[in-house]
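J.: Compact mmCIF, C-alpha atoms (C1' of nucleotides), file my_file_20.txt:
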```
# COMPACT_ATOMS: atom_id res chain seq x y z
CA MET P 1 73.45 94.43 62.51
CA ASN P 2 70.87 97.16 62.35
CA VAL P 3 67.62 97.55 64.26
CA ARG P 4 65.57 96.48 61.21
CA THR P 5 67.24 93.06 61.23
CA LEU P 6 66.84 92.83 64.99
CA CYS P 7 63.09 93.47 64.70
CA LEU P 8 62.77 91.04 61.84
CA GLY P 9 64.58 88.35 63.83
CA ILE P 10 62.45 88.83 66.91
CA LEU P 11 59.25 88.81 64.86
CA SER P 12 60.34 85.53 63.27
CA PHE P 13 59.72 83.89 66.64
CA THR P 14 56.32 85.38 67.32
CA GLN P 15 54.17 88.37 66.40
CA MET P 16 54.26 91.31 68.77
CA THR P 17 54.07 95.07 69.16
CA GLY P 18 56.91 97.58 68.95
CA TYR P 19 56.58 98.01 72.67
CA ASP P 20 57.15 94.28 73.20
CA ILE P 21 60.18 94.28 70.92
CA ARG P 22 61.77 97.06 72.91
CA LYS P 23 61.05 95.24 76.14
CA LEU P 24 62.64 92.04 74.89
CA ALA P 25 65.68 93.90 73.55
CA ALA P 26 66.18 96.20 76.51
CA GLU P 27 64.95 94.21 79.50
CA GLY P 28 64.11 90.66 78.41
CA ASN P 29 65.98 87.52 77.43
CA PHE P 30 67.76 89.25 74.58
CA SER P 31 68.90 92.27 76.53
CA HIS P 32 72.29 90.86 77.52
CA PHE P 33 73.50 90.90 73.92
CA CYS P 34 71.49 93.54 72.12
CA GLU P 35 69.68 96.79 72.68
CA ALA P 36 67.31 99.15 70.94
CA ASN P 37 65.13 102.10 71.82
CA TYR P 38 61.73 103.27 70.69
CA GLY P 39 63.47 105.93 68.65
CA SER P 40 65.00 103.30 66.40
CA ILE P 41 62.40 100.51 66.67
CA TYR P 42 59.33 102.41 65.47
CA PRO P 43 61.07 103.85 62.40
CA ALA P 44 62.51 100.38 61.69
CA LEU P 45 59.02 98.84 61.80
CA SER P 46 57.70 101.54 59.47
CA GLN P 47 60.47 100.81 57.01
CA LEU P 48 59.96 97.04 57.25
CA THR P 49 56.25 97.53 56.63
CA LYS P 50 56.94 99.74 53.64
CA ASP P 51 59.27 97.05 52.26
CA GLY P 52 56.66 94.34 52.80
CA LEU P 53 58.86 92.38 55.21
CA VAL P 54 56.34 92.70 58.03
CA VAL P 55 52.62 93.47 58.27
CA PHE P 56 50.53 94.66 61.19
CA THR P 57 46.95 94.29 62.25
CA ASP P 58 45.65 97.55 63.64
CA GLU P 59 43.70 96.32 66.62
CA ALA P 60 41.40 99.22 67.36
CA ILE P 61 38.49 97.28 68.81
CA ASP P 62 35.85 98.92 70.99
CA GLY P 63 37.58 102.26 71.18
CA LYS P 64 40.58 100.59 72.78
CA PRO P 65 43.87 102.34 72.19
CA PRO P 66 45.46 101.43 68.86
CA ARG P 67 47.81 98.52 69.11
CA LYS P 68 49.83 97.44 66.11
CA ILE P 69 50.66 93.77 66.22
CA TYR P 70 53.44 93.09 63.76
CA SER P 71 54.04 89.74 62.02
CA ILE P 72 56.81 88.74 59.67
CA THR P 73 55.88 87.93 56.07
CA GLU P 74 57.32 85.17 53.88
CA LYS P 75 59.33 87.82 52.10
CA GLY P 76 60.56 89.03 55.48
CA ARG P 77 61.54 85.54 56.54
CA HIS P 78 63.42 85.07 53.31
CA HIS P 79 65.17 88.42 53.75
CA LEU P 80 66.13 87.54 57.32
CA PHE P 81 67.79 84.27 56.35
CA GLU P 82 69.66 85.98 53.54
CA THR P 83 71.04 88.39 56.11
CA LEU P 84 71.95 85.54 58.44
CA ASN P 85 74.01 83.97 55.67
CA LYS P 86 76.49 86.84 55.84
CA GLN P 87 79.01 86.49 58.60
CA PRO P 88 78.22 88.36 61.82
CA GLY P 89 80.15 91.45 62.83
CA PRO P 90 82.35 91.51 65.94
CA ASP P 91 80.99 91.64 69.47
CA ARG P 92 81.09 95.01 71.15
CA PHE P 93 81.65 95.62 74.82
CA LYS P 94 81.51 99.05 76.39
CA SER P 95 82.20 99.58 80.05
CA GLU P 96 82.03 102.95 81.70
CA PHE P 97 83.02 101.17 84.89
CA LEU P 98 86.32 99.99 83.38
CA PHE P 99 86.99 103.47 82.05
CA TYR P 100 86.45 104.85 85.55
CA SER P 101 88.75 102.16 86.95
CA LEU P 102 91.64 103.62 84.95
CA PHE P 103 91.60 106.50 87.40
CA GLN P 104 91.42 104.44 90.57
CA ASP P 105 94.81 105.69 91.75
CA LYS P 106 93.48 109.26 91.48
CA MET P 107 90.44 108.51 93.65
CA GLU P 108 90.02 108.08 97.37
CA PRO P 109 90.38 104.33 98.04
CA LEU P 110 86.95 104.21 99.66
CA GLU P 111 85.47 105.96 96.65
CA PHE P 112 86.77 103.35 94.24
CA ARG P 113 85.81 100.62 96.66
CA LYS P 114 82.22 101.81 96.46
CA LEU P 115 82.31 101.46 92.69
CA LEU P 116 83.69 97.94 93.03
CA VAL P 117 81.09 96.89 95.56
CA ARG P 118 78.26 98.32 93.47
CA LYS P 119 79.59 96.58 90.38
CA ILE P 120 79.79 93.28 92.23
CA ALA P 121 76.17 93.63 93.32
CA GLU P 122 75.07 94.51 89.80
CA THR P 123 76.93 91.60 88.30
CA ARG P 124 75.46 89.23 90.86
CA ASP P 125 71.96 90.49 90.01
CA THR P 126 72.56 90.11 86.28
CA LEU P 127 73.92 86.63 86.81
CA THR P 128 70.93 85.58 88.91
CA SER P 129 68.41 86.86 86.40
CA LEU P 130 70.25 85.18 83.52
CA GLN P 131 70.31 81.89 85.42
CA ASN P 132 66.60 82.18 86.20
CA ALA P 133 65.83 82.98 82.58
CA ASN P 134 67.89 79.99 81.52
CA ASP P 135 66.01 77.68 83.90
CA CYS P 136 62.60 78.86 82.73
CA CYS P 137 63.29 79.23 79.02
CA ASP P 138 62.30 76.31 76.80
CA HIS P 139 63.66 77.67 73.52
CA ALA P 140 66.84 75.65 72.92
CA PRO P 141 68.87 78.24 70.96
CA SER P 142 68.17 80.81 73.67
CA HIS P 143 69.84 78.48 76.14
CA PHE P 144 73.10 78.86 74.32
CA ALA P 145 72.90 82.66 74.34
CA LEU P 146 71.81 82.77 77.99
CA GLY P 147 74.54 80.32 78.97
CA TYR P 148 77.06 82.55 77.26
CA GLY P 149 75.88 85.44 79.40
CA VAL P 150 75.99 83.31 82.53
CA ALA P 151 79.56 82.21 81.80
CA MET P 152 80.68 85.76 81.15
CA ASN P 153 79.07 87.24 84.24
CA LYS P 154 80.30 84.42 86.45
CA ALA P 155 83.87 85.08 85.34
CA VAL P 156 83.48 88.81 85.87
CA LEU P 157 81.98 88.26 89.32
CA ASP P 158 84.89 86.03 90.34
CA TYR P 159 87.39 88.52 89.01
CA LEU P 160 85.79 91.42 90.87
CA LYS P 161 85.49 89.54 94.14
CA THR P 162 89.12 88.47 94.00
CA TYR P 163 90.16 92.01 93.22
CA LEU P 164 88.11 93.42 96.09
CA THR P 165 89.84 91.06 98.50
CA SER P 166 93.31 92.06 97.38
CA PHE P 167 92.25 95.69 97.28
CA ASP P 168 91.20 95.52 100.92
CA GLU P 169 94.44 93.78 101.88
CA HIS P 170 96.45 96.60 100.35
CA ASN P 171 94.27 99.42 101.57
CA GLN P 172 92.81 98.25 104.89
CA THR P 173 89.52 99.61 103.67
CA SER P 174 87.33 96.59 104.28
CA GLU P 175 85.08 98.32 106.79
CA THR P 176 87.03 99.90 109.63
CA ILE P 177 90.25 101.70 108.77
CA GLU P 178 93.25 100.08 110.43
CA THR P 179 96.29 101.71 112.01
CA ASP P 180 99.58 100.01 111.07
CA LYS P 181 100.08 101.25 107.52
CA ASP P 182 102.65 103.61 106.05
CA MET E 1 79.77 108.38 78.86
CA ASN E 2 80.20 110.48 75.77
CA VAL E 3 83.18 110.80 73.47
CA ARG E 4 84.15 114.15 74.97
CA THR E 5 84.72 112.53 78.36
CA LEU E 6 86.56 109.65 76.72
CA CYS E 7 88.95 112.06 74.99
CA LEU E 8 89.44 114.07 78.15
CA GLY E 9 90.24 110.92 80.11
CA ILE E 10 92.74 109.67 77.58
CA LEU E 11 94.41 113.07 77.36
CA SER E 12 94.74 113.11 81.15
CA PHE E 13 97.37 110.37 80.77
CA THR E 14 99.41 112.00 78.03
CA GLN E 15 99.09 114.52 75.21
CA MET E 16 98.34 113.15 71.77
CA THR E 17 96.60 113.68 68.44
CA GLY E 18 93.04 112.84 67.52
CA TYR E 19 94.43 110.07 65.38
CA ASP E 20 96.21 108.57 68.38
CA ILE E 21 93.06 108.76 70.50
CA ARG E 22 91.10 106.85 67.91
CA LYS E 23 93.82 104.24 67.69
CA LEU E 24 93.88 103.73 71.45
CA ALA E 25 90.09 103.53 71.61
CA ALA E 26 89.57 101.32 68.57
CA GLU E 27 92.68 99.15 68.43
CA GLY E 28 94.81 99.75 71.54
CA ASN E 29 94.68 98.88 75.21
CA PHE E 30 91.35 100.59 75.72
CA SER E 31 89.59 99.00 72.78
CA HIS E 32 88.14 96.07 74.71
CA PHE E 33 85.87 98.34 76.73
CA CYS E 34 85.34 101.45 74.64
CA GLU E 35 85.17 102.65 71.09
CA ALA E 36 85.08 105.85 69.07
CA ASN E 37 85.47 106.93 65.48
CA TYR E 38 87.01 109.96 63.81
CA GLY E 39 83.52 111.22 63.15
CA SER E 40 82.91 111.66 66.86
CA ILE E 41 86.45 112.28 68.10
CA TYR E 42 87.29 115.32 65.98
CA PRO E 43 84.06 117.14 66.80
CA ALA E 44 84.57 116.23 70.47
CA LEU E 45 88.08 117.72 70.43
CA SER E 46 86.73 120.89 68.78
CA GLN E 47 84.11 121.22 71.47
CA LEU E 48 86.60 120.55 74.27
CA THR E 49 88.92 123.19 72.81
CA LYS E 50 86.09 125.70 72.60
CA ASP E 51 85.25 125.00 76.25
CA GLY E 52 88.89 125.43 77.31
CA LEU E 53 89.18 121.87 78.62
CA VAL E 54 91.99 121.01 76.19
CA VAL E 55 94.48 123.01 74.12
CA PHE E 56 96.50 122.04 71.08
CA THR E 57 99.83 123.05 69.62
CA ASP E 58 99.58 123.30 65.88
CA GLU E 59 102.84 121.68 64.90
CA ALA E 60 103.33 122.96 61.37
CA ILE E 61 107.12 122.99 61.33
CA ASP E 62 109.09 123.03 58.07
CA GLY E 63 106.06 122.63 55.84
CA LYS E 64 105.27 119.33 57.53
CA PRO E 65 101.63 118.35 57.50
CA PRO E 66 99.62 119.96 60.29
CA ARG E 67 99.48 117.86 63.39
CA LYS E 68 97.39 118.97 66.33
CA ILE E 69 98.77 117.68 69.60
CA TYR E 70 96.10 118.02 72.26
CA SER E 71 96.78 118.43 75.98
CA ILE E 72 94.36 118.64 78.86
CA THR E 73 94.14 121.90 80.80
CA GLU E 74 93.72 122.36 84.54
CA LYS E 75 90.10 123.22 83.89
CA GLY E 76 89.79 120.05 81.83
CA ARG E 77 91.31 117.94 84.58
CA HIS E 78 88.93 119.45 87.08
CA HIS E 79 85.99 118.82 84.76
CA LEU E 80 87.08 115.21 84.24
CA PHE E 81 87.20 114.43 87.95
CA GLU E 82 83.82 116.04 88.46
CA THR E 83 82.45 113.68 85.84
CA LEU E 84 84.17 110.71 87.47
CA ASN E 85 82.43 111.54 90.74
CA LYS E 86 79.09 110.65 89.21
CA GLN E 87 78.37 106.95 89.16
CA PRO E 88 79.17 105.14 85.93
CA GLY E 89 76.43 103.90 83.63
CA PRO E 90 75.87 100.19 83.03
CA ASP E 91 78.14 98.06 80.84
CA ARG E 92 76.86 97.33 77.36
CA PHE E 93 77.47 94.16 75.44
CA LYS E 94 76.28 93.65 71.89
CA SER E 95 76.81 90.40 70.08
CA GLU E 96 75.71 89.83 66.54
CA PHE E 97 77.08 86.31 66.94
CA LEU E 98 74.67 85.54 69.79
CA PHE E 99 71.80 86.99 67.80
CA TYR E 100 72.72 84.69 64.92
CA SER E 101 72.96 81.76 67.34
CA LEU E 102 69.25 82.14 68.11
CA PHE E 103 68.60 80.74 64.65
CA GLN E 104 71.01 77.84 64.86
CA ASP E 105 68.19 75.29 64.54
CA LYS E 106 67.17 76.96 61.27
CA MET E 107 70.67 76.66 59.80
CA GLU E 108 72.58 73.75 58.32
CA PRO E 109 74.59 72.24 61.21
CA LEU E 110 77.84 72.74 59.32
CA GLU E 111 76.94 76.38 58.70
CA PHE E 112 76.47 77.11 62.38
CA ARG E 113 79.56 75.08 63.18
CA LYS E 114 81.58 77.42 60.98
CA LEU E 115 80.32 80.39 62.97
CA LEU E 116 81.29 78.64 66.20
CA VAL E 117 84.77 77.78 64.98
CA ARG E 118 85.38 81.30 63.71
CA LYS E 119 84.16 82.76 66.99
CA ILE E 120 86.47 80.47 68.93
CA ALA E 121 89.44 81.59 66.83
CA GLU E 122 88.51 85.25 67.28
CA THR E 123 88.11 84.87 71.01
CA ARG E 124 91.45 83.09 71.27
CA ASP E 125 93.12 85.94 69.35
CA THR E 126 91.50 88.58 71.52
CA LEU E 127 92.54 86.70 74.64
CA THR E 128 96.14 86.39 73.48
CA SER E 129 96.45 90.06 72.62
CA LEU E 130 94.89 91.08 75.95
CA GLN E 131 97.31 88.83 77.82
CA ASN E 132 100.26 90.25 75.89
CA ALA E 133 99.09 93.78 76.55
CA ASN E 134 98.74 92.94 80.22
CA ASP E 135 102.29 91.53 80.38
CA CYS E 136 103.83 94.57 78.69
CA CYS E 137 101.73 97.29 80.30
CA ASP E 138 103.24 99.08 83.31
CA HIS E 139 100.27 101.27 84.13
CA ALA E 140 98.73 99.65 87.23
CA PRO E 141 95.07 100.69 86.72
CA SER E 142 95.22 99.37 83.14
CA HIS E 143 96.11 95.98 84.57
CA PHE E 144 92.77 95.79 86.26
CA ALA E 145 90.90 96.64 83.07
CA LEU E 146 92.99 94.27 80.96
CA GLY E 147 92.62 91.50 83.53
CA TYR E 148 88.87 91.99 83.37
CA GLY E 149 88.99 91.47 79.63
CA VAL E 150 91.20 88.42 80.02
CA ALA E 151 88.83 86.86 82.55
CA MET E 152 85.83 87.51 80.34
CA ASN E 153 87.37 86.15 77.17
CA LYS E 154 88.78 83.11 78.95
CA ALA E 155 85.30 82.23 80.21
CA VAL E 156 83.78 82.74 76.78
CA LEU E 157 86.47 80.63 75.13
CA ASP E 158 85.84 77.78 77.57
CA TYR E 159 82.12 78.02 77.03
CA LEU E 160 82.44 77.96 73.26
CA LYS E 161 84.89 75.06 73.23
CA THR E 162 82.66 72.99 75.49
CA TYR E 163 79.67 73.80 73.34
CA LEU E 164 81.51 72.84 70.15
CA THR E 165 82.37 69.45 71.64
CA SER E 166 78.78 68.70 72.60
CA PHE E 167 77.57 70.09 69.28
CA ASP E 168 79.80 67.64 67.42
CA GLU E 169 78.63 64.76 69.59
CA HIS E 170 75.02 65.50 68.71
CA ASN E 171 75.60 66.26 65.04
CA GLN E 172 78.55 64.10 63.98
CA THR E 173 79.87 67.14 62.21
CA SER E 174 83.37 67.22 63.62
CA GLU E 175 85.13 66.84 60.28
CA THR E 176 83.93 63.83 58.37
CA ILE E 177 80.23 63.11 58.40
CA GLU E 178 79.45 59.78 59.99
CA THR E 179 76.91 57.16 58.99
CA ASP E 180 74.98 55.83 61.98
CA LYS E 181 72.60 58.69 62.61
CA ASP E 182 68.85 58.98 62.16
C1' DA J 1 37.51 106.87 93.80
C1' DT J 2 41.95 107.86 92.89
C1' DC J 3 46.56 107.40 91.97
C1' DA J 4 50.82 105.01 90.57
C1' DG J 5 52.65 102.09 87.28
C1' DA J 6 52.38 99.49 83.06
C1' DT J 7 51.04 99.42 78.20
C1' DA J 8 51.51 101.51 73.76
C1' DT J 9 52.66 104.69 69.86
C1' DA J 10 55.26 108.37 68.27
C1' DT J 11 58.58 112.16 67.53
C1' DC J 12 62.79 114.97 67.95
C1' DG J 13 67.32 116.95 68.87
C1' DA J 14 71.83 115.29 69.94
C1' DT J 15 75.11 111.93 69.40
C1' DT J 16 77.53 108.43 67.11
C1' DT J 17 78.63 105.38 63.28
C1' DG J 18 80.72 104.18 59.17
C1' DA J 19 82.42 105.56 55.05
C1' DT J 20 84.92 108.52 52.40
C1' DA J 21 88.13 112.46 50.78
C1' DT J 22 92.56 114.42 50.96
C1' DA J 23 97.45 114.61 51.39
C1' DA J 24 102.07 113.94 53.20
C1' DT J 25 105.20 110.66 55.15
C1' DT J 26 107.19 106.26 55.99
C1' DT J 27 108.22 101.63 54.82
C1' DG J 28 109.04 97.91 51.85
C1' DT J 29 110.26 96.00 47.30
C1' DT J 30 112.64 95.35 43.15
C1' DA K 1 117.03 104.93 43.20
C1' DA K 2 112.46 104.52 41.98
C1' DC K 3 108.10 103.04 42.82
C1' DA K 4 104.16 101.07 45.26
C1' DA K 5 101.85 100.27 49.46
C1' DA K 6 100.89 101.24 54.06
C1' DT K 7 100.67 104.49 57.74
C1' DT K 8 99.93 108.92 59.70
C1' DA K 9 96.77 112.65 60.15
C1' DT K 10 92.75 115.81 59.70
C1' DA K 11 88.21 116.43 58.35
C1' DT K 12 83.36 115.97 56.81
C1' DC K 13 78.74 113.95 55.95
C1' DA K 14 74.61 111.10 55.47
C1' DA K 15 72.47 107.60 57.91
C1' DA K 16 71.60 105.28 62.11
C1' DT K 17 70.84 105.30 66.82
C1' DC K 18 70.24 107.15 71.51
C1' DG K 19 67.83 109.21 75.12
C1' DA K 20 64.32 111.93 76.52
C1' DT K 21 59.84 113.40 76.21
C1' DA K 22 54.74 113.78 74.92
C1' DT K 23 50.37 111.65 74.82
C1' DA K 24 46.77 108.53 76.13
C1' DT K 25 44.71 104.34 77.97
C1' DC K 26 44.51 100.51 81.00
C1' DT K 27 45.28 97.94 85.40
C1' DG K 28 45.83 97.07 90.13
C1' DA K 29 46.24 98.65 94.78
C1' DT K 30 44.71 101.35 98.68
```
Take the structure in the file and give it back as structure tokens.

T.:
Amino acid sequence: MNVRTLCLGILSFTQMTGYDIRKLAAEGNFSHFCEANYGSIYPALSQLTKDGLVVFTDEAIDGKPPRKIYSITEKGRHHLFETLNKQPGPDRFKSEFLFYSLFQDKMEPLEFRKLLVRKIAETRDTLTSLQNANDCCDHAPSHFALGYGVAMNKAVLDYLKTYLTSFDEHNQTSETIETDKD
Amino acid sequence: MNVRTLCLGILSFTQMTGYDIRKLAAEGNFSHFCEANYGSIYPALSQLTKDGLVVFTDEAIDGKPPRKIYSITEKGRHHLFETLNKQPGPDRFKSEFLFYSLFQDKMEPLEFRKLLVRKIAETRDTLTSLQNANDCCDHAPSHFALGYGVAMNKAVLDYLKTYLTSFDEHNQTSETIETDKD
DNA sequence: ATCAGATATATCGATTTGATATAATTTGTT
DNA sequence: AACAAATTATATCAAATCGATATATCTGAT
């Protein structure tokens, strides 16, 4: 799915600026399953405008800075639902952390432990913010997507915590280094 | 993490061709947390060669087709571990399926149900192949990464199956359409 | 009053994707 | 044995996307 379709989908919920779209996709309630940068969003909006799938009102009132509020058109809505009739592509997961973990036996135990601990904290934060979003959000379909994220992160958090425990048992690295090993 | 580092990391385990690297990254034991195409791998290998981080033996024996077997150099190994000393970037998850799910109330119930069922089957397949890989694999650090994938997919599978059940309860769409609704 | 941070649009080089071309080898089928 | 199909293997290219940066205004805090 390309950024054009992403923009179109987001605009089908409510009108907004390119800035808002990026925020939603990179930091907001959609950010756990999609992503897009200014560098792809603004060109996508230009293209969509050219194709008549969205329109914008150039709000340049009272010398205020220009602010393009984009709305989806009927044609755009139609185009979107045609796209949604095709079957979705596969999910993609990329983890630099897991790549790093492949070299854990080449690192100092305490070095890898740091990575683990940081990852646990990150996952906990992500989980909390997804749960909060899920509690606040009143858009039913979003609940499903947020719940998916919650389930995934919960499982990851459990896995990491269990691994940290066994890691410490095998390495005596929990906090103070012990004596009776090797 | 760029494709150059990915190639370098893979080559630190064993020498192989660009073709093999792509296979590992797109279909093999690494594919659940990374990805790369020929279009980025071959240029990356060229660059790495130019920088002296890898070398290749051009195996053109007996008129056989050329086959470049790449190996990491000492310089490359050093470079890799310098990179691994920096902290890893965040995980990225992209799901076209979850994006589609945001419009489930705009679809025919049976249409969305199809998506759900297909996703469940896919997840089950992924889970099985990750579990198999984990059983066969003898490289300890890979176990951690594979186990992570197993945990994630197991949680997702549970979530989807539970959702399907409740979806059917609310829609009477399980197989035959019932009568006493609305 | 000023200064940091948020809002907002936009562009650009570098990177990556996804598709395709080419060709030899291996495997499977009849 | 002959043939077709799949796999192995390198390589390139346009299009899409990333990531960083430039610019300018507005808002809230001290």

J.: Could you list, as a VMD selection string, every residue within 9 Å of segment 1-18 of chain J, counting only C-alpha atoms (C1' of nucleotides) and ignoring same-chain residues fewer than 6 positions away?

T.: (chain P and resid 17 to 19 38 to 39 42 65 to 68) or (chain E and resid 2 to 3 36 to 37 39 to 40) or (chain K and resid 15 to 19 21 to 29)

J.: Neighbours of Ile72 of chain P within 12 Å (only C-alpha atoms (C1' of nucleotides); same-chain residues fewer than 3 positions away dropped), as a ChimeraX atom specification?

T.: /P:4-5,7-17,45,48-49,51-57,69,75-80

J.: Between atom CA of Thr123 of chain E and atom CA of Asn153 of chain E, what is the distance in Å, rounded to a tenth?

T.: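 Distance between the two atoms: 6.3 Å.
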
J.: What's the separation between atom CA of Ser101 of chain E and atom CA of Thr126 of chain E, in Å to one decimal place?

T.: 20.2 Å

J.: From the list P:His32, P:Lys119, P:Arg113, P:Lys23, which residue is nearest Arg92 of chain E when using only C-alpha atoms?

T.: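 For Arg92 of chain E, the nearest of the given residues is P:His32.
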
J.: Counting all atoms listed in the file, which residues in chain E sit no more than 7 Å from chain P? For each one, give the nearest pair of atoms and the distance in Å, sorted by chain then residue number, as a Markdown table.

T.:
```
| residue | atom | partner | partner_atom | distance |
| --- | --- | --- | --- | --- |
| E:Met1 | CA | P:Glu96 | CA | 6.5 |
| E:His32 | CA | P:Phe93 | CA | 6.5 |
| E:Phe33 | CA | P:Lys94 | CA | 4.4 |
| E:Cys34 | CA | P:Lys94 | CA | 4.8 |
| E:Leu84 | CA | P:Tyr100 | CA | 6.6 |
| E:Pro88 | CA | P:Glu96 | CA | 5.6 |
| E:Gly89 | CA | P:Glu96 | CA | 6.0 |
| E:Pro90 | CA | P:Glu96 | CA | 6.9 |
| E:Asp91 | CA | P:Ser95 | CA | 4.4 |
| E:Arg92 | CA | P:Lys94 | CA | 5.1 |
| E:Phe93 | CA | P:Phe93 | CA | 4.5 |
| E:Lys94 | CA | P:Phe33 | CA | 4.4 |
| E:Ser95 | CA | P:Asp91 | CA | 4.4 |
| E:Glu96 | CA | P:Pro88 | CA | 5.5 |
| E:Phe97 | CA | P:Pro88 | CA | 5.6 |
| E:Leu98 | CA | P:Ala145 | CA | 5.7 |
| E:Tyr100 | CA | P:Leu84 | CA | 6.6 |
| E:Ser101 | CA | P:Pro141 | CA | 6.5 |
| E:Leu102 | CA | P:Pro141 | CA | 4.8 |
| E:Phe103 | CA | P:Pro141 | CA | 6.8 |
| E:Gln104 | CA | P:Pro141 | CA | 6.5 |
| E:Pro141 | CA | P:Leu102 | CA | 4.8 |
| E:Ser142 | CA | P:Leu102 | CA | 5.8 |
| E:Ala145 | CA | P:Leu98 | CA | 5.7 |
| E:Tyr148 | CA | P:Val156 | CA | 6.7 |
| E:Ala151 | CA | P:Ala155 | CA | 6.0 |
| E:Met152 | CA | P:Met152 | CA | 5.5 |
| E:Ala155 | CA | P:Met152 | CA | 5.9 |
| E:Val156 | CA | P:Met152 | CA | 6.2 |
| E:Tyr159 | CA | P:Tyr148 | CA | 6.8 |
```

J.: How far is it from atom CA of Ala44 of chain E to atom CA of Pro43 of chain P, in Å with one decimal?

T.: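 One can read the atom CA of Ala44 of chain E to atom CA of Pro43 of chain P distance as 27.8 Å.
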